[in-house]
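Trainee: Next comes final13.pdb, PDB, C-alpha atoms, pLDDT in the B column:
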ATOM      1  CA  LEU A 145       7.399  -0.792  11.019  1.00 83.00           C
ATOM      2  CA  ALA A 146       4.007   0.281   9.821  1.00 94.00           C
ATOM      3  CA  ARG A 147       0.974  -1.818  10.660  1.00 97.00           C
ATOM      4  CA  ILE A 148      -2.522  -2.150   9.276  1.00 98.00           C
ATOM      5  CA  HIS A 149      -4.687  -0.601  11.962  1.00 97.00           C
ATOM      6  CA  SER A 150      -7.999  -1.418  10.277  1.00 97.00           C
ATOM      7  CA  ALA A 151      -9.410  -2.646   6.992  1.00 98.00           C
ATOM      8  CA  ILE A 152     -12.951  -2.812   5.652  1.00 98.00           C
ATOM      9  CA  LEU A 153     -14.457  -3.999   2.373  1.00 98.00           C
ATOM     10  CA  CYS A 154     -16.811  -1.504   0.816  1.00 97.00           C
ATOM     11  CA  ASP A 155     -18.525  -0.476  -2.398  1.00 97.00           C
ATOM     12  CA  PHE A 156     -16.279   2.521  -2.822  1.00 96.00           C
ATOM     13  CA  ALA A 157     -13.645   4.431  -0.901  1.00 95.00           C
ATOM     14  CA  GLN A 158     -11.445   7.395  -1.522  1.00 93.00           C
ATOM     15  CA  VAL A 159      -8.919   9.516   0.270  1.00 89.00           C
ATOM     16  CA  ARG A 160      -9.596  13.191   0.082  1.00 84.00           C
ATOM     17  CA  GLU A 161      -7.626  15.792   1.947  1.00 79.00           C
ATOM     18  CA  GLY A 162      -6.135  13.117   4.137  1.00 81.00           C
ATOM     19  CA  LEU A 163      -9.467  11.714   5.215  1.00 88.00           C
ATOM     20  CA  LEU A 164     -10.928   8.325   4.346  1.00 93.00           C
ATOM     21  CA  PHE A 165     -14.398   8.283   2.837  1.00 95.00           C
ATOM     22  CA  ILE A 166     -16.146   4.893   2.818  1.00 97.00           C
ATOM     23  CA  SER A 167     -19.375   4.143   0.990  1.00 97.00           C
ATOM     24  CA  SER A 168     -21.342   1.055   2.071  1.00 97.00           C
ATOM     25  CA  GLY A 169     -18.633  -0.582   4.151  1.00 97.00           C
ATOM     26  CA  GLY A 170     -18.629  -3.911   5.952  1.00 98.00           C
ATOM     27  CA  ILE A 171     -19.324  -6.152   2.967  1.00 98.00           C
ATOM     28  CA  THR A 172     -19.216  -9.897   3.590  1.00 97.00           C
ATOM     29  CA  ARG A 173     -21.471 -11.059   0.711  1.00 97.00           C
ATOM     30  CA  ALA A 174     -21.372 -10.384  -3.015  1.00 96.00           C
ATOM     31  CA  PHE A 175     -24.308 -11.674  -5.040  1.00 96.00           C
ATOM     32  CA  ARG A 176     -23.616 -12.314  -8.710  1.00 95.00           C
ATOM     33  CA  GLU A 177     -25.718 -13.780 -11.518  1.00 95.00           C
ATOM     34  CA  ASP A 178     -22.828 -15.889 -12.711  1.00 95.00           C
ATOM     35  CA  VAL A 179     -19.083 -16.280 -12.449  1.00 96.00           C
ATOM     36  CA  PRO A 180     -16.492 -15.215 -13.465  1.00 96.00           C
ATOM     37  CA  ALA A 181     -17.661 -11.783 -12.383  1.00 96.00           C
ATOM     38  CA  PRO A 182     -16.106  -8.486 -11.357  1.00 95.00           C
ATOM     39  CA  LEU A 183     -15.567  -8.154  -7.638  1.00 95.00           C
ATOM     40  CA  GLY A 184     -16.807  -4.579  -7.608  1.00 95.00           C
ATOM     41  CA  MET A 185     -15.395  -3.677  -4.196  1.00 95.00           C
ATOM     42  CA  ALA A 186     -12.688  -1.571  -2.665  1.00 95.00           C
ATOM     43  CA  LEU A 187     -10.644  -2.157   0.447  1.00 96.00           C
ATOM     44  CA  ALA A 188     -10.359   0.824   2.748  1.00 97.00           C
ATOM     45  CA  ILE A 189      -7.331   0.678   5.004  1.00 96.00           C
ATOM     46  CA  VAL A 190      -5.890   2.761   7.800  1.00 96.00           C
ATOM     47  CA  VAL A 191      -2.152   2.339   8.267  1.00 95.00           C
ATOM     48  CA  GLU A 192      -0.441   3.229  11.516  1.00 96.00           C
ATOM     49  CA  ILE A 193       3.088   4.501  11.053  1.00 94.00           C
ATOM     50  CA  ALA A 194       5.389   4.596  14.046  1.00 94.00           C
ATOM     51  CA  CYS A 195       6.610   8.026  15.026  1.00 92.00           C
ATOM     52  CA  ASP A 196      10.256   7.096  14.426  1.00 92.00           C
ATOM     53  CA  GLU A 197       9.559   5.883  10.874  1.00 92.00           C
ATOM     54  CA  LEU A 198       7.544   8.748   9.464  1.00 90.00           C
ATOM     55  CA  GLU A 199      10.303   9.691   7.044  1.00 89.00           C
ATOM     56  CA  LEU A 200      10.580   6.215   5.501  1.00 94.00           C
ATOM     57  CA  ALA A 201       8.612   4.693   2.631  1.00 94.00           C
ATOM     58  CA  HIS A 202       6.270   1.849   3.591  1.00 95.00           C
ATOM     59  CA  GLU A 203       4.847  -1.086   1.639  1.00 95.00           C
ATOM     60  CA  ILE A 204       1.223  -2.186   1.761  1.00 95.00           C
ATOM     61  CA  ASN A 205       0.182  -5.590   0.410  1.00 95.00           C
ATOM     62  CA  VAL A 206      -3.309  -6.887  -0.248  1.00 95.00           C
ATOM     63  CA  SER A 207      -4.048 -10.309  -1.678  1.00 95.00           C
ATOM     64  CA  ILE A 208      -7.297 -12.125  -2.361  1.00 96.00           C
ATOM     65  CA  LYS A 209      -7.209 -15.877  -1.997  1.00 96.00           C
ATOM     66  CA  HIS A 210      -9.775 -18.493  -2.938  1.00 94.00           C
ATOM     67  CA  PRO A 211      -9.245 -20.983  -0.110  1.00 89.00           C
ATOM     68  CA  GLU A 212     -10.933 -23.926  -1.833  1.00 90.00           C
ATOM     69  CA  SER A 213      -8.402 -23.876  -4.654  1.00 89.00           C
ATOM     70  CA  ALA A 214      -5.640 -22.114  -2.679  1.00 89.00           C
ATOM     71  CA  GLN A 215      -5.425 -19.769  -5.655  1.00 91.00           C
ATOM     72  CA  VAL A 216      -4.411 -16.150  -5.195  1.00 93.00           C
ATOM     73  CA  ILE A 217      -6.708 -14.419  -7.645  1.00 94.00           C
ATOM     74  CA  ALA A 218      -5.371 -10.889  -7.314  1.00 92.00           C
ATOM     75  CA  GLY A 219      -3.162  -8.650  -5.298  1.00 91.00           C
ATOM     76  CA  ALA A 220      -2.441  -5.016  -4.814  1.00 91.00           C
ATOM     77  CA  VAL A 221       0.852  -3.500  -3.792  1.00 92.00           C
ATOM     78  CA  GLY A 222       1.119   0.037  -2.593  1.00 91.00           C
ATOM     79  CA  GLY A 223       3.622   2.397  -1.138  1.00 92.00           C
ATOM     80  CA  LEU A 224       3.180   5.404   1.051  1.00 91.00           C
ATOM     81  CA  GLN A 225       5.398   7.981   2.574  1.00 90.00           C
ATOM     82  CA  VAL A 226       4.720  10.846   4.897  1.00 87.00           C
ATOM     83  CA  ASN A 227       6.388  13.903   3.476  1.00 78.00           C
ATOM     84  CA  GLU A 228       5.460  16.180   6.289  1.00 78.00           C
ATOM     85  CA  ALA A 229       3.515  15.703   9.482  1.00 79.00           C
ATOM     86  CA  ALA A 230       2.939  18.047  12.364  1.00 80.00           C
ATOM     87  CA  THR A 231       2.689  15.354  14.986  1.00 84.00           C
ATOM     88  CA  ASN A 232       3.394  15.596  18.658  1.00 89.00           C
ATOM     89  CA  PRO A 233       6.543  13.977  20.043  1.00 90.00           C
ATOM     90  CA  GLY A 234       6.006  10.219  20.215  1.00 91.00           C
ATOM     91  CA  GLU A 235       2.745  10.350  18.251  1.00 91.00           C
ATOM     92  CA  ASN A 236       2.145   7.703  15.605  1.00 93.00           C
ATOM     93  CA  LEU A 237       0.414   8.746  12.396  1.00 92.00           C
ATOM     94  CA  TYR A 238      -2.716   7.122  10.969  1.00 93.00           C
ATOM     95  CA  VAL A 239      -2.733   7.212   7.179  1.00 92.00           C
ATOM     96  CA  PRO A 240      -5.702   6.194   5.022  1.00 93.00           C
ATOM     97  CA  PHE A 241      -5.115   4.044   1.955  1.00 93.00           C
ATOM     98  CA  VAL A 242      -7.491   2.559  -0.607  1.00 93.00           C
ATOM     99  CA  ALA A 243      -6.954  -0.585  -2.674  1.00 93.00           C
ATOM    100  CA  ALA A 244      -9.322  -0.341  -5.632  1.00 91.00           C
ATOM    101  CA  LEU A 245     -10.360  -3.940  -6.273  1.00 92.00           C
ATOM    102  CA  GLN A 246     -13.394  -3.237  -8.458  1.00 91.00           C
ATOM    103  CA  GLY A 247     -11.795  -4.780 -11.528  1.00 90.00           C
ATOM    104  CA  VAL A 248     -10.700  -8.004  -9.861  1.00 93.00           C
ATOM    105  CA  VAL A 249     -12.468 -11.009 -11.384  1.00 94.00           C
ATOM    106  CA  VAL A 250     -13.746 -13.715  -9.035  1.00 95.00           C
ATOM    107  CA  PRO A 251     -13.565 -17.066 -10.831  1.00 94.00           C
ATOM    108  CA  ALA A 252     -16.048 -19.095  -8.777  1.00 95.00           C
ATOM    109  CA  PHE A 253     -18.749 -18.933  -6.147  1.00 96.00           C
ATOM    110  CA  GLY A 254     -17.623 -19.493  -2.579  1.00 96.00           C
ATOM    111  CA  ALA A 255     -15.489 -17.987   0.131  1.00 97.00           C
ATOM    112  CA  TYR A 256     -12.573 -15.647  -0.423  1.00 98.00           C
ATOM    113  CA  ASP A 257     -10.007 -14.353   2.044  1.00 98.00           C
ATOM    114  CA  VAL A 258      -8.527 -10.898   1.832  1.00 98.00           C
ATOM    115  CA  HIS A 259      -5.079 -10.765   3.426  1.00 97.00           C
ATOM    116  CA  THR A 260      -3.408  -7.487   4.333  1.00 98.00           C
ATOM    117  CA  ALA A 261       0.127  -6.632   5.381  1.00 97.00           C
ATOM    118  CA  ALA A 262       2.250  -3.580   6.004  1.00 97.00           C
ATOM    119  CA  ASP A 263       6.028  -3.801   5.668  1.00 96.00           C
ATOM    120  CA  GLY A 264       5.656  -7.578   5.586  1.00 95.00           C
ATOM    121  CA  LYS A 265       3.749  -7.687   8.869  1.00 96.00           C
ATOM    122  CA  PRO A 266       0.336  -9.369   8.537  1.00 98.00           C
ATOM    123  CA  GLY A 267      -2.688  -7.223   9.253  1.00 98.00           C
ATOM    124  CA  PRO A 268      -6.378  -8.030   9.523  1.00 97.00           C
ATOM    125  CA  ASP A 269      -7.848 -10.722   7.291  1.00 97.00           C
ATOM    126  CA  ILE A 270     -11.379 -10.406   5.937  1.00 98.00           C
ATOM    127  CA  THR A 271     -13.498 -13.248   4.593  1.00 98.00           C
ATOM    128  CA  PHE A 272     -16.280 -12.609   2.113  1.00 98.00           C
ATOM    129  CA  TYR A 273     -18.536 -14.883   0.103  1.00 97.00           C
ATOM    130  CA  VAL A 274     -19.544 -14.721  -3.536  1.00 97.00           C
ATOM    131  CA  ALA A 275     -22.987 -16.285  -3.902  1.00 97.00           C
ATOM    132  CA  LYS A 276     -25.550 -16.754  -6.640  1.00 95.00           C
ATOM    133  CA  ARG A 277     -28.065 -13.971  -6.656  1.00 87.00           C
ATOM    134  CA  PRO A 278     -31.303 -15.185  -5.057  1.00 84.00           C
ATOM    135  CA  GLN A 279     -34.198 -15.539  -7.509  1.00 78.00           C
TER     136      GLN A 279
ATOM    137  CA  MET B  95      31.924  16.591   5.206  1.00 65.00           C
ATOM    138  CA  GLU B  96      29.130  14.051   4.879  1.00 74.00           C
ATOM    139  CA  THR B  97      26.745  14.646   2.000  1.00 86.00           C
ATOM    140  CA  MET B  98      23.134  13.626   1.875  1.00 92.00           C
ATOM    141  CA  THR B  99      22.121  11.005  -0.684  1.00 95.00           C
ATOM    142  CA  GLU B 100      18.555  10.809  -1.962  1.00 96.00           C
ATOM    143  CA  LEU B 101      17.009   7.438  -2.710  1.00 97.00           C
ATOM    144  CA  VAL B 102      14.079   7.872  -5.076  1.00 96.00           C
ATOM    145  CA  ILE B 103      11.846   4.799  -4.852  1.00 95.00           C
ATOM    146  CA  HIS B 104       9.545   3.605  -7.631  1.00 94.00           C
ATOM    147  CA  LEU B 105       6.855   0.946  -7.785  1.00 92.00           C
ATOM    148  CA  GLU B 106       6.180  -0.580 -11.169  1.00 89.00           C
ATOM    149  CA  GLY B 107       4.404  -3.642 -12.421  1.00 80.00           C
ATOM    150  CA  GLY B 108       1.257  -5.409 -13.455  1.00 65.00           C
ATOM    151  CA  ASP B 109       0.354  -8.757 -15.030  1.00 67.00           C
ATOM    152  CA  GLY B 110       1.223 -10.827 -12.027  1.00 72.00           C
ATOM    153  CA  GLU B 111       4.172  -9.110 -10.456  1.00 82.00           C
ATOM    154  CA  VAL B 112       5.503  -5.826  -9.242  1.00 87.00           C
ATOM    155  CA  VAL B 113       8.991  -4.527  -8.766  1.00 92.00           C
ATOM    156  CA  TRP B 114      10.355  -1.906  -6.453  1.00 95.00           C
ATOM    157  CA  TRP B 115      13.315  -0.044  -7.844  1.00 96.00           C
ATOM    158  CA  ALA B 116      15.350   2.949  -6.796  1.00 97.00           C
ATOM    159  CA  GLU B 117      17.706   5.517  -8.190  1.00 97.00           C
ATOM    160  CA  SER B 118      19.674   8.403  -6.773  1.00 97.00           C
ATOM    161  CA  PRO B 119      19.994  11.820  -8.404  1.00 96.00           C
ATOM    162  CA  GLN B 120      23.360  12.276  -6.708  1.00 95.00           C
ATOM    163  CA  ILE B 121      24.759   9.097  -8.270  1.00 96.00           C
ATOM    164  CA  PRO B 122      24.039   8.946 -12.004  1.00 95.00           C
ATOM    165  CA  GLY B 123      23.681   5.407 -13.272  1.00 95.00           C
ATOM    166  CA  PHE B 124      22.883   3.931  -9.887  1.00 97.00           C
ATOM    167  CA  SER B 125      19.817   1.736  -9.622  1.00 97.00           C
ATOM    168  CA  ALA B 126      18.656  -1.172  -7.504  1.00 97.00           C
ATOM    169  CA  ALA B 127      15.597  -3.397  -7.741  1.00 97.00           C
ATOM    170  CA  ALA B 128      13.851  -5.978  -5.580  1.00 96.00           C
ATOM    171  CA  PRO B 129      10.459  -7.641  -5.220  1.00 94.00           C
ATOM    172  CA  THR B 130       9.762  -6.019  -1.854  1.00 95.00           C
ATOM    173  CA  LEU B 131      10.495  -2.635  -0.375  1.00 96.00           C
ATOM    174  CA  LYS B 132      12.387  -4.229   2.498  1.00 96.00           C
ATOM    175  CA  GLU B 133      14.748  -6.075   0.169  1.00 97.00           C
ATOM    176  CA  LEU B 134      15.169  -2.985  -1.984  1.00 97.00           C
ATOM    177  CA  ARG B 135      16.095  -0.916   1.058  1.00 97.00           C
ATOM    178  CA  GLU B 136      18.681  -3.482   2.167  1.00 97.00           C
ATOM    179  CA  ARG B 137      20.279  -3.655  -1.293  1.00 97.00           C
ATOM    180  CA  ALA B 138      20.186   0.046  -2.019  1.00 97.00           C
ATOM    181  CA  TYR B 139      21.472   1.148   1.378  1.00 97.00           C
ATOM    182  CA  ARG B 140      24.333  -1.356   1.228  1.00 96.00           C
ATOM    183  CA  ALA B 141      25.316  -0.166  -2.243  1.00 96.00           C
ATOM    184  CA  LEU B 142      24.959   3.514  -1.418  1.00 96.00           C
ATOM    185  CA  ARG B 143      27.087   3.128   1.705  1.00 95.00           C
ATOM    186  CA  GLU B 144      29.857   1.711  -0.462  1.00 94.00           C
ATOM    187  CA  ILE B 145      29.511   4.331  -3.169  1.00 93.00           C
ATOM    188  CA  ALA B 146      28.657   7.453  -1.215  1.00 91.00           C
ATOM    189  CA  GLY B 147      30.047   6.705   2.222  1.00 90.00           C
ATOM    190  CA  PRO B 148      28.367   6.987   5.601  1.00 90.00           C
ATOM    191  CA  GLY B 149      26.344  10.159   4.996  1.00 91.00           C
ATOM    192  CA  PRO B 150      22.601  10.280   5.541  1.00 94.00           C
ATOM    193  CA  ILE B 151      20.276   8.589   3.042  1.00 95.00           C
ATOM    194  CA  VAL B 152      16.899  10.208   2.528  1.00 95.00           C
ATOM    195  CA  GLU B 153      14.096   8.150   0.980  1.00 95.00           C
ATOM    196  CA  ARG B 154      11.622   9.721  -1.405  1.00 93.00           C
ATOM    197  CA  LEU B 155       8.720   7.761  -2.808  1.00 91.00           C
ATOM    198  CA  SER B 156       8.147   8.732  -6.428  1.00 88.00           C
ATOM    199  CA  ALA B 157       4.539   9.569  -7.168  1.00 66.00           C
ATOM    200  CA  ALA B 158       5.194   9.699 -10.883  1.00 63.00           C
ATOM    201  CA  ASP B 159       4.522   5.986 -11.397  1.00 54.00           C
ATOM    202  CA  SER B 160       0.791   5.733 -10.935  1.00 46.00           C
ATOM    203  CA  GLY B 161      -0.281   7.038  -7.651  1.00 46.00           C
ATOM    204  CA  SER B 162      -1.579  10.197  -6.288  1.00 40.00           C
ATOM    205  CA  THR B 163      -0.381  12.710  -3.834  1.00 36.00           C
ATOM    206  CA  VAL B 164      -3.072  13.118  -1.294  1.00 36.00           C
ATOM    207  CA  GLY B 165      -3.333  16.002   0.997  1.00 31.00           C
ATOM    208  CA  ALA B 166      -1.072  18.931   1.418  1.00 30.00           C
ATOM    209  CA  ASP B 167      -1.317  20.774   4.651  1.00 31.00           C
ATOM    210  CA  VAL B 168      -4.653  19.184   5.406  1.00 34.00           C
ATOM    211  CA  ASP B 169      -6.377  17.602   8.366  1.00 35.00           C
ATOM    212  CA  THR B 170      -5.737  13.915   8.935  1.00 41.00           C
ATOM    213  CA  PRO B 171      -8.002  11.760  11.077  1.00 47.00           C
ATOM    214  CA  GLY B 172      -5.785  12.713  13.976  1.00 46.00           C
ATOM    215  CA  GLY B 173      -6.533  16.335  13.392  1.00 43.00           C
ATOM    216  CA  GLU B 174      -2.946  17.212  12.583  1.00 48.00           C
ATOM    217  CA  HIS B 175      -1.489  18.505   9.367  1.00 56.00           C
ATOM    218  CA  SER B 176       0.301  16.113   7.088  1.00 66.00           C
ATOM    219  CA  ASP B 177       1.308  15.519   3.507  1.00 75.00           C
ATOM    220  CA  VAL B 178       1.247  11.871   2.450  1.00 80.00           C
ATOM    221  CA  ARG B 179       2.327  10.466  -0.887  1.00 79.00           C
ATOM    222  CA  THR B 180       0.936   7.149  -2.080  1.00 80.00           C
ATOM    223  CA  VAL B 181       1.444   4.880  -5.064  1.00 80.00           C
ATOM    224  CA  SER B 182      -0.299   1.604  -5.773  1.00 78.00           C
ATOM    225  CA  LYS B 183      -0.436  -1.186  -8.347  1.00 78.00           C
ATOM    226  CA  LEU B 184      -3.100  -3.803  -8.816  1.00 77.00           C
ATOM    227  CA  VAL B 185      -1.715  -7.191  -9.720  1.00 74.00           C
ATOM    228  CA  ALA B 186      -3.993  -9.563 -11.575  1.00 64.00           C
ATOM    229  CA  CYS B 187      -2.981 -13.189 -11.132  1.00 62.00           C
TER     230      CYS B 187
END
Starting from the file, lay out its structure as structure tokens.

Mentor:
Amino acid sequence: LARIHSAILCDFAQVREGLLFISSGGITRAFREDVPAPLGMALAIVVEIACDELELAHEINVSIKHPESAQVIAGAVGGLQVNEAATNPGENLYVPFVAALQGVVVPAFGAYDVHTAADGKPGPDITFYVAKRPQ
Amino acid sequence: METMTELVIHLEGGDGEVVWWAESPQIPGFSAAAPTLKELRERAYRALREIAGPGPIVERLSAADSGSTVGADVDTPGGEHSDVRTVSKLVAC
């Protein structure tokens, strides 16, 4: 099975030439004038794929839950597959992946939980807060 | 002689749900679908074993759906060369 090695909320992330670029990572607060409002974030993920499963396709799941209402407000599903890797015998592969969540709409102020999973196996959870912009 | 069977995997969806589905170029008309990749693999492998016999099944994630193919003979964070294909769908609930 694959597993989520790490995940971080950020303003923007992209994968270029196999490397993960993160801009302004580590977000735990989003200040908005009013809600509903666009989330305006991305989730940068590194997936660890076991050496004996490099040839298989893998599923990545991200969901954003509003715990007060128990409502899942959005999710992202992704797949990845290593076509070719020059790894050493027994070496796992670390693959970057980005879930672009900029267009997700947050319906209310408060706490939100981001849940991650790879091949059905839960990964790190991240909590962030949407708050009214200070005057 | 055992022949290899390709399983081409697709991810489609939006508006609240996604579906994984698969086809095989060696078996025209074959398709399988499931809400998760794990379930799709179970269904497709079971069907392909019945249709094509015990030969090897090779998975191939289709990048034609939405995603991007990132990297080709490039450095990964581990410093090794790899070619990784990704697809992704955002699901608005």

Trainee: Got a sec to resolve the PyMOL selection byres ((chain A) within 7 of (chain B)) on this structure and send the residues as an mmCIF file with C-alpha atoms, keeping the file's coordinate frame?

Mentor:
data_model
loop_
_atom_site.group_PDB
_atom_site.id
_atom_site.type_symbol
_atom_site.label_atom_id
_atom_site.label_comp_id
_atom_site.auth_asym_id
_atom_site.auth_seq_id
_atom_site.Cartn_x
_atom_site.Cartn_y
_atom_site.Cartn_z
ATOM 1 C CA ARG A 160 -9.596 13.191 0.082
ATOM 2 C CA GLU A 161 -7.626 15.792 1.947
ATOM 3 C CA GLY A 162 -6.135 13.117 4.137
ATOM 4 C CA LEU A 163 -9.467 11.714 5.215
ATOM 5 C CA LEU A 200 10.580 6.215 5.501
ATOM 6 C CA ALA A 201 8.612 4.693 2.631
ATOM 7 C CA GLU A 203 4.847 -1.086 1.639
ATOM 8 C CA VAL A 216 -4.411 -16.150 -5.195
ATOM 9 C CA ILE A 217 -6.708 -14.419 -7.645
ATOM 10 C CA ALA A 218 -5.371 -10.889 -7.314
ATOM 11 C CA GLY A 219 -3.162 -8.650 -5.298
ATOM 12 C CA ALA A 220 -2.441 -5.016 -4.814
ATOM 13 C CA VAL A 221 0.852 -3.500 -3.792
ATOM 14 C CA GLY A 222 1.119 0.037 -2.593
ATOM 15 C CA GLY A 223 3.622 2.397 -1.138
ATOM 16 C CA LEU A 224 3.180 5.404 1.051
ATOM 17 C CA GLN A 225 5.398 7.981 2.574
ATOM 18 C CA VAL A 226 4.720 10.846 4.897
ATOM 19 C CA ASN A 227 6.388 13.903 3.476
ATOM 20 C CA GLU A 228 5.460 16.180 6.289
ATOM 21 C CA ALA A 229 3.515 15.703 9.482
ATOM 22 C CA ALA A 230 2.939 18.047 12.364
ATOM 23 C CA THR A 231 2.689 15.354 14.986
#

Trainee: Between atom CA of Phe175 of chain A and atom CA of Ala275 of chain A, measure the distance and give it in Å to one decimal.

Mentor: 4.9 Å

Trainee: To test your reading of the syntax: which residues would the PyMOL selection byres ((chain A and resi 249-260) around 8) return for the file shown? Reply as a ChimeraX atom specification.

Mentor: /A:148,179-183,204-212,217,247-248,261-262,266-276

Trainee: Using the chain letters and residue numbers of this document, give as a ChimeraX atom specification the residues selected by the PyMOL selection byres ((chain A and resi 156) around 6).

Mentor: /A:154-155,157,167,186

Trainee: Please identify all polymer residues within 8 Å of Pro150 of chain B, counting only C-alpha atoms, omitting same-chain residues fewer than 4 positions from it, and present them as a PDB file with C-alpha atoms, in the frame of the given file.

Mentor:
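File written: part00.pdb
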ATOM      1  CA  GLU B  96      29.130  14.051   4.879  1.00 74.00           C
ATOM      2  CA  THR B  97      26.745  14.646   2.000  1.00 86.00           C
ATOM      3  CA  MET B  98      23.134  13.626   1.875  1.00 92.00           C
ATOM      4  CA  THR B  99      22.121  11.005  -0.684  1.00 95.00           C
TER       5      THR B  99
END

Trainee: Just how far from atom CA of Arg147 of chain A is atom CA of Ile193 of chain A, in Å to one decimal?

Mentor: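 Distance between the two atoms: 6.7 Å.
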
Trainee: Counting all atoms listed in the file, what is within 10 Å of Phe124 of chain B, bar same-chain residues fewer than 2 positions away, as a list in words?

Mentor: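 Counting all atoms listed in the file, the residues come to Leu101, Ala116, Glu117, Ser118, Pro119, Gln120, Ile121, Pro122, Ala126, Ala138, Ala141, Leu142 and Ile145 of chain B.
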
Trainee: Work out how far apart atom CA of Leu198 of chain A and atom CA of Glu133 of chain B are and give it in Å to one decimal.

Mentor: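 Result for atom CA of Leu198 of chain A versus atom CA of Glu133 of chain B: 18.9 Å, one decimal.
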
Trainee: Go ahead and fit an axis-aligned box to every listed atom of segment 204-221 of chain A plus 3 Å each side, and pass me the centre and edge lengths in Å, one decimal, as lines of an AutoDock Vina configuration file.

Mentor:
center_x = -4.9
center_y = -13.1
center_z = -2.9
size_x = 18.2
size_y = 27.7
size_z = 15.4

Trainee: Give me the residues within 8 Å of Glu192 of chain A as number ranges by chain, counting all atoms listed in the file and dropping any in the same chain fewer than 3 places off.

Mentor: A: 146-149, 236-239

Trainee: Could the residues in this selection be written to a file with C-alpha atoms, as a compact mmCIF listing (two decimals), in the frame of the given file?

Mentor:
# COMPACT_ATOMS: atom_id res chain seq x y z
CA ALA A 146 4.01 0.28 9.82
CA ARG A 147 0.97 -1.82 10.66
CA ILE A 148 -2.52 -2.15 9.28
CA HIS A 149 -4.69 -0.60 11.96
CA ASN A 236 2.14 7.70 15.60
CA LEU A 237 0.41 8.75 12.40
CA TYR A 238 -2.72 7.12 10.97
CA VAL A 239 -2.73 7.21 7.18
